[in-house]
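Below is final.cif, which holds mmCIF, C-alpha atoms.
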data_start
loop_
_atom_site.label_atom_id
_atom_site.label_comp_id
_atom_site.auth_asym_id
_atom_site.auth_seq_id
_atom_site.Cartn_x
_atom_site.Cartn_y
_atom_site.Cartn_z
CA MET V 903 18.03 -3.03 -35.85
CA LEU V 904 14.80 -4.90 -35.06
CA LYS V 905 16.71 -7.39 -32.93
CA LYS V 906 18.20 -4.55 -30.87
CA LEU V 907 14.81 -2.90 -30.50
CA LEU V 908 13.20 -6.15 -29.30
CA THR V 909 16.08 -6.77 -26.89
CA LEU V 910 15.66 -3.26 -25.51
CA CYS V 911 11.89 -3.83 -25.08
CA VAL V 912 12.53 -7.05 -23.17
CA CYS V 913 15.08 -5.30 -20.95
CA LEU V 914 12.62 -2.51 -20.25
CA LEU V 915 9.87 -5.02 -19.48
CA ALA V 916 12.03 -7.07 -17.10
CA PRO V 917 11.25 -4.89 -14.05
CA ALA V 918 7.53 -5.13 -14.84
CA LEU V 919 7.79 -8.89 -15.21
CA SER V 920 9.46 -9.12 -11.83
CA GLN V 921 6.25 -7.57 -10.50
CA ALA V 922 4.46 -10.82 -11.41
CA ALA V 923 5.21 -11.72 -7.78
CA ILE V 924 2.89 -8.88 -6.82
CA ILE V 925 -0.86 -9.47 -6.61
CA THR V 926 -3.06 -6.44 -6.03
CA GLY V 927 -6.44 -6.84 -4.41
CA THR V 928 -9.17 -4.35 -3.63
CA ALA V 929 -12.22 -4.46 -1.41
CA THR V 930 -15.30 -2.32 -0.91
CA LEU V 931 -16.59 -2.74 2.64
CA ASN V 932 -20.17 -2.28 3.83
CA TYR V 933 -22.69 -3.75 6.25
CA ALA V 934 -24.67 -5.54 3.50
CA GLN V 935 -21.83 -8.05 3.06
CA GLU V 936 -21.83 -9.13 6.73
CA VAL V 937 -23.00 -12.70 7.34
CA ASP V 938 -25.13 -13.37 10.44
CA PRO V 939 -24.23 -10.05 12.09
CA SER V 940 -24.47 -9.89 15.87
CA ASN V 941 -26.04 -6.43 15.56
CA THR V 942 -28.96 -6.48 13.11
CA THR V 943 -29.24 -2.69 12.96
CA PRO V 944 -27.60 -1.84 9.62
CA SER V 945 -24.48 0.29 9.85
CA ASP V 946 -23.99 3.30 7.57
CA ALA V 947 -20.20 2.86 7.72
CA SER V 948 -18.34 2.04 4.54
CA GLY V 949 -14.81 1.72 3.30
CA THR V 950 -12.37 0.85 0.58
CA ALA V 951 -9.07 -0.98 0.76
CA THR V 952 -6.15 -1.83 -1.48
CA ILE V 953 -3.94 -4.76 -0.54
CA VAL V 954 -0.65 -5.52 -2.27
CA PHE V 955 0.39 -9.16 -1.79
CA ASP V 956 4.06 -9.94 -2.45
CA THR V 957 4.48 -13.69 -3.04
CA GLU V 958 8.28 -13.65 -2.87
CA GLY V 959 9.08 -11.57 0.21
CA GLY V 960 9.16 -12.96 3.70
CA GLU V 961 10.19 -16.18 5.37
CA PRO V 962 9.90 -19.52 3.52
CA GLY V 963 6.22 -20.25 2.88
CA PHE V 964 5.21 -16.66 3.58
CA GLY V 965 4.83 -13.51 1.54
CA LEU V 966 4.50 -9.94 2.71
CA LEU V 967 1.54 -7.64 2.22
CA SER V 968 0.80 -3.96 2.49
CA ILE V 969 -2.64 -2.47 3.00
CA THR V 970 -4.22 0.95 2.87
CA ALA V 971 -7.85 1.43 3.79
CA THR V 972 -10.18 4.35 4.32
CA ILE V 973 -13.21 3.79 6.52
CA GLU V 974 -16.01 6.36 6.76
CA GLY V 975 -18.46 6.52 9.65
CA ILE V 976 -16.36 4.74 12.29
CA SER V 977 -14.04 6.43 14.78
CA LEU V 978 -11.13 5.08 16.79
CA ALA V 979 -13.43 5.19 19.84
CA ASP V 980 -15.68 2.65 18.06
CA ILE V 981 -12.85 0.09 17.88
CA SER V 982 -10.97 0.87 21.11
CA PHE V 983 -11.67 0.26 24.76
CA ASP V 984 -12.16 3.26 27.07
CA ASP V 985 -8.65 2.84 28.47
CA GLY V 986 -7.13 3.13 24.99
CA PRO V 987 -6.08 -0.22 23.56
CA LEU V 988 -7.66 -1.59 20.42
CA ALA V 989 -10.49 -4.06 20.93
CA PHE V 990 -10.35 -7.76 20.04
CA GLY V 991 -6.89 -8.58 21.38
CA THR V 992 -4.30 -10.22 19.16
CA ILE V 993 -6.58 -10.32 16.11
CA GLY V 994 -7.48 -6.64 16.44
CA PRO V 995 -10.57 -4.98 15.05
CA PHE V 996 -9.55 -5.30 11.39
CA HIS V 997 -8.33 -8.44 9.66
CA ILE V 998 -8.41 -10.73 6.66
CA HIS V 999 -10.56 -13.86 6.91
CA THR V 1000 -10.88 -16.92 4.70
CA GLY V 1001 -14.31 -17.36 3.18
CA ALA V 1002 -16.28 -16.81 0.00
CA ALA V 1003 -18.99 -14.19 -0.24
CA GLY V 1004 -21.86 -15.20 1.99
CA ALA V 1005 -19.72 -17.39 4.26
CA ASN V 1006 -17.79 -16.67 7.43
CA GLY V 1007 -14.27 -17.94 7.94
CA ASP V 1008 -11.22 -17.85 10.17
CA VAL V 1009 -8.97 -14.84 10.71
CA VAL V 1010 -5.75 -15.38 8.74
CA VAL V 1011 -4.08 -11.95 8.78
CA PRO V 1012 -4.69 -9.70 11.80
CA PHE V 1013 -4.13 -5.95 11.94
CA ALA V 1014 -3.92 -5.45 15.69
CA ASP V 1015 -1.23 -2.77 16.06
CA ALA V 1016 -2.70 0.58 17.13
CA ALA V 1017 -0.05 2.31 15.00
CA PHE V 1018 -1.87 1.03 11.87
CA PHE V 1019 -4.97 3.12 12.69
CA THR V 1020 -5.33 6.88 12.34
CA GLU V 1021 -8.36 9.05 13.05
CA THR V 1022 -9.54 11.15 10.08
CA ALA V 1023 -12.16 13.88 9.81
CA THR V 1024 -14.78 11.36 8.65
CA GLY V 1025 -13.57 8.04 10.04
CA ILE V 1026 -10.31 6.14 10.19
CA ALA V 1027 -7.43 5.32 7.90
CA ILE V 1028 -5.56 2.03 8.14
CA ALA V 1029 -2.06 1.54 6.76
CA ALA V 1030 0.32 -1.35 7.35
CA SER V 1031 3.23 -2.80 5.43
CA ASN V 1032 5.47 -5.87 5.50
CA ILE V 1033 2.79 -8.00 7.17
CA PRO V 1034 3.42 -11.75 6.75
CA TRP V 1035 0.80 -13.82 4.95
CA ASP V 1036 0.77 -17.58 4.38
CA LEU V 1037 1.37 -18.43 0.72
CA ALA V 1038 -1.01 -21.38 1.16
CA LEU V 1039 -3.74 -18.70 0.95
CA GLN V 1040 -2.81 -17.68 -2.61
CA ASP V 1041 -5.39 -19.96 -4.21
CA ALA V 1042 -8.13 -18.54 -1.97
CA LEU V 1043 -6.93 -15.02 -2.79
CA GLU V 1044 -7.07 -15.61 -6.53
CA ASN V 1045 -10.53 -17.22 -6.28
CA ASP V 1046 -12.36 -14.60 -4.18
CA GLY V 1047 -11.94 -16.66 -1.03
CA LEU V 1048 -10.64 -13.93 1.29
CA TYR V 1049 -12.41 -10.95 2.82
CA LEU V 1050 -11.69 -7.98 5.06
CA ASN V 1051 -13.80 -7.45 8.16
CA LEU V 1052 -13.87 -4.46 10.49
CA HIS V 1053 -15.29 -5.20 13.94
CA SER V 1054 -16.42 -2.50 16.32
CA LEU V 1055 -17.55 -2.56 19.93
CA ALA V 1056 -21.17 -2.16 18.78
CA TYR V 1057 -20.82 -4.84 16.07
CA GLY V 1058 -18.77 -7.61 17.65
CA SER V 1059 -19.11 -10.05 14.77
CA GLY V 1060 -18.25 -7.34 12.23
CA GLU V 1061 -19.64 -3.98 11.22
CA ILE V 1062 -18.48 -3.84 7.62
CA ARG V 1063 -17.04 -6.45 5.34
CA GLY V 1064 -15.60 -6.57 1.84
CA GLN V 1065 -14.59 -9.48 -0.39
CA ILE V 1066 -11.03 -9.09 -1.74
CA GLU V 1067 -11.03 -9.00 -5.52
CA VAL V 1068 -7.81 -9.52 -7.48
CA ASP V 1069 -6.93 -7.60 -10.64
CA GLU V 1070 -5.99 -10.65 -12.69
CA ALA V 1071 -6.26 -8.81 -16.01
CA GLY V 1072 -3.33 -6.52 -15.17
CA THR V 1073 -1.16 -9.40 -13.98
CA MET V 1074 -1.99 -11.48 -17.05
CA ALA V 1075 -1.31 -8.56 -19.41
CA LEU V 1076 2.18 -8.12 -17.97
CA LEU V 1077 2.86 -11.81 -18.33
CA LEU V 1078 1.61 -11.89 -21.92
CA ILE V 1079 3.68 -8.86 -22.92
CA GLY V 1080 6.77 -10.44 -21.40
CA LEU V 1081 6.20 -13.77 -23.14
CA LEU V 1082 5.63 -12.06 -26.49
CA GLY V 1083 8.81 -10.05 -26.06
CA LEU V 1084 10.82 -13.13 -25.17
CA ALA V 1085 9.39 -15.07 -28.11
CA ALA V 1086 10.16 -12.25 -30.53
CA THR V 1087 13.72 -11.93 -29.22
CA ARG V 1088 14.26 -15.67 -29.51
CA ARG V 1089 12.84 -15.72 -33.04
CA TYR V 1090 15.05 -12.87 -34.24
CA SER V 1091 18.16 -14.08 -32.42
CA THR V 1092 18.02 -17.39 -34.31
CA ALA V 1093 17.39 -15.72 -37.70
#
Could you write out this file's structure as structure tokens?
Amino acid sequence: MLKKLLTLCVCLLAPALSQAAIITGTATLNYAQEVDPSNTTPSDASGTATIVFDTEGGEPGFGLLSITATIEGISLADISFDDGPLAFGTIGPFHIHTGAAGANGDVVVPFADAAFFTETATGIAIAASNIPWDLALQDALENDGLYLNLHSLAYGSGEIRGQIEVDEAGTMALLLIGLLGLAATRRYSTA
């Protein structure tokens, strides 16, 4: 009976274990995190973001990510030119950079499609999915080496920024549960 119960637990955990290819990151964006801002007048804008990094989707060497962000105190007019298109060309006004807290780095994942941005009553919402990301960035991701930056026309070098923090505890808990289940099944299947 115990063997069947453990086997059932492992089978139920299998979908969760397959999620080990998923890394979830969050960021809280504000002006205080900007490094050497081009506009030294502090911005009152702020935001939060959740980024889901899939390490197995995509072309070889690339994963796919999805992002949702809510930004307060910035409008679409703040990140778009008068004739309508988003500012900052192919990198867009919102993107992921490499760099630890306190350091600036290169843009590695741009969000430049106007369809990603929606005006809200208090700011903007950003949502994008199936965006390619280079798996070579995984080490930086897992070691607080990536950040989000939102640039506006008034703050060309960035108005608000947030370091991406990974929820390693949740990922490790799933892995540990799976390993314990597999070990228990193996132990009872040989008994």
(request) Find the distance between atom CA of V:Thr1022 and atom CA of V:Gly975 and write it in Å to one decimal. (result) 10.1 Å
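When you apply the PyMOL selection byres ((chain V and resi 977) around 6) to this structure, what comes back is V:Ile976, V:Leu978, V:Ala979, V:Asp980, V:Gly1025, V:Ile1026.
Shell of V:Gly994 at 10 Å, with only C-alpha atoms counted and residues fewer than 4 places along the chain excluded, is Ile981, Ser982, Pro987, Leu988, Ala989, Phe990, Val1011, Pro1012, Phe1013, Ala1014, Asp1015, Ala1016, Leu1052, His1053 and Ser1054 of chain V.
With distances restricted to only C-alpha atoms, V:Thr972 is the closest residue to V:Phe1019 from V:Ser940, V:Thr972, V:Ser948, V:Thr957.
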(request) Write out as an NGL selection string each polymer residue whose atoms come within 7 Å of stretch 932-937 of chain V, counting only C-alpha atoms; drop sequence neighbours fewer than 5 positions from it. (result) :V and (944-945 or 947-949 or 1004-1006 or 1060-1064)
Create the file for the chosen residues now, containing C-alpha atoms and written as a compact mmCIF listing (two decimals), in the frame of the given file.
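Result saved to out.txt:
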# COMPACT_ATOMS: atom_id res chain seq x y z
CA PRO V 944 -27.60 -1.84 9.62
CA SER V 945 -24.48 0.29 9.85
CA ALA V 947 -20.20 2.86 7.72
CA SER V 948 -18.34 2.04 4.54
CA GLY V 949 -14.81 1.72 3.30
CA GLY V 1004 -21.86 -15.20 1.99
CA ALA V 1005 -19.72 -17.39 4.26
CA ASN V 1006 -17.79 -16.67 7.43
CA GLY V 1060 -18.25 -7.34 12.23
CA GLU V 1061 -19.64 -3.98 11.22
CA ILE V 1062 -18.48 -3.84 7.62
CA ARG V 1063 -17.04 -6.45 5.34
CA GLY V 1064 -15.60 -6.57 1.84
(request) Name every residue that the PyMOL selection byres ((chain V and resi 924-927) around 8) selects in this structure, writing the answer as a PyMOL selection string with chains first and numbers rising. (result) chain V and resi 921-923+928-929+952-957+1066-1069+1073
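Atom to atom, atom CA of V:Gly1058 and atom CA of V:Asp938 stand 11.2 Å apart.
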Taking the file as I've supplied it (selection: the PyMOL selection byres ((chain V and resi 1049) around 9)), which residues are included? Please answer as a compact mmCIF listing (two decimals) with C-alpha atoms, keeping the file's coordinate frame.
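As written to disk, out.txt reads:
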# COMPACT_ATOMS: atom_id res chain seq x y z
CA ALA V 929 -12.22 -4.46 -1.41
CA HIS V 997 -8.33 -8.44 9.66
CA ILE V 998 -8.41 -10.73 6.66
CA HIS V 999 -10.56 -13.86 6.91
CA THR V 1000 -10.88 -16.92 4.70
CA GLY V 1001 -14.31 -17.36 3.18
CA ALA V 1002 -16.28 -16.81 0.00
CA ALA V 1003 -18.99 -14.19 -0.24
CA GLY V 1007 -14.27 -17.94 7.94
CA LEU V 1043 -6.93 -15.02 -2.79
CA ASP V 1046 -12.36 -14.60 -4.18
CA GLY V 1047 -11.94 -16.66 -1.03
CA LEU V 1048 -10.64 -13.93 1.29
CA LEU V 1050 -11.69 -7.98 5.06
CA ASN V 1051 -13.80 -7.45 8.16
CA ARG V 1063 -17.04 -6.45 5.34
CA GLY V 1064 -15.60 -6.57 1.84
CA GLN V 1065 -14.59 -9.48 -0.39
CA ILE V 1066 -11.03 -9.09 -1.74
CA GLU V 1067 -11.03 -9.00 -5.52
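The gap separating atom CA of V:Pro939 from atom CA of V:Glu1044 is 25.9 Å, in Å to one decimal.
Using all atoms listed in the file, the smallest distance between any of V:Ala1027, V:Leu1055, V:Ile993, V:Ile1033 and V:Ser968 comes from V:Ile1033.
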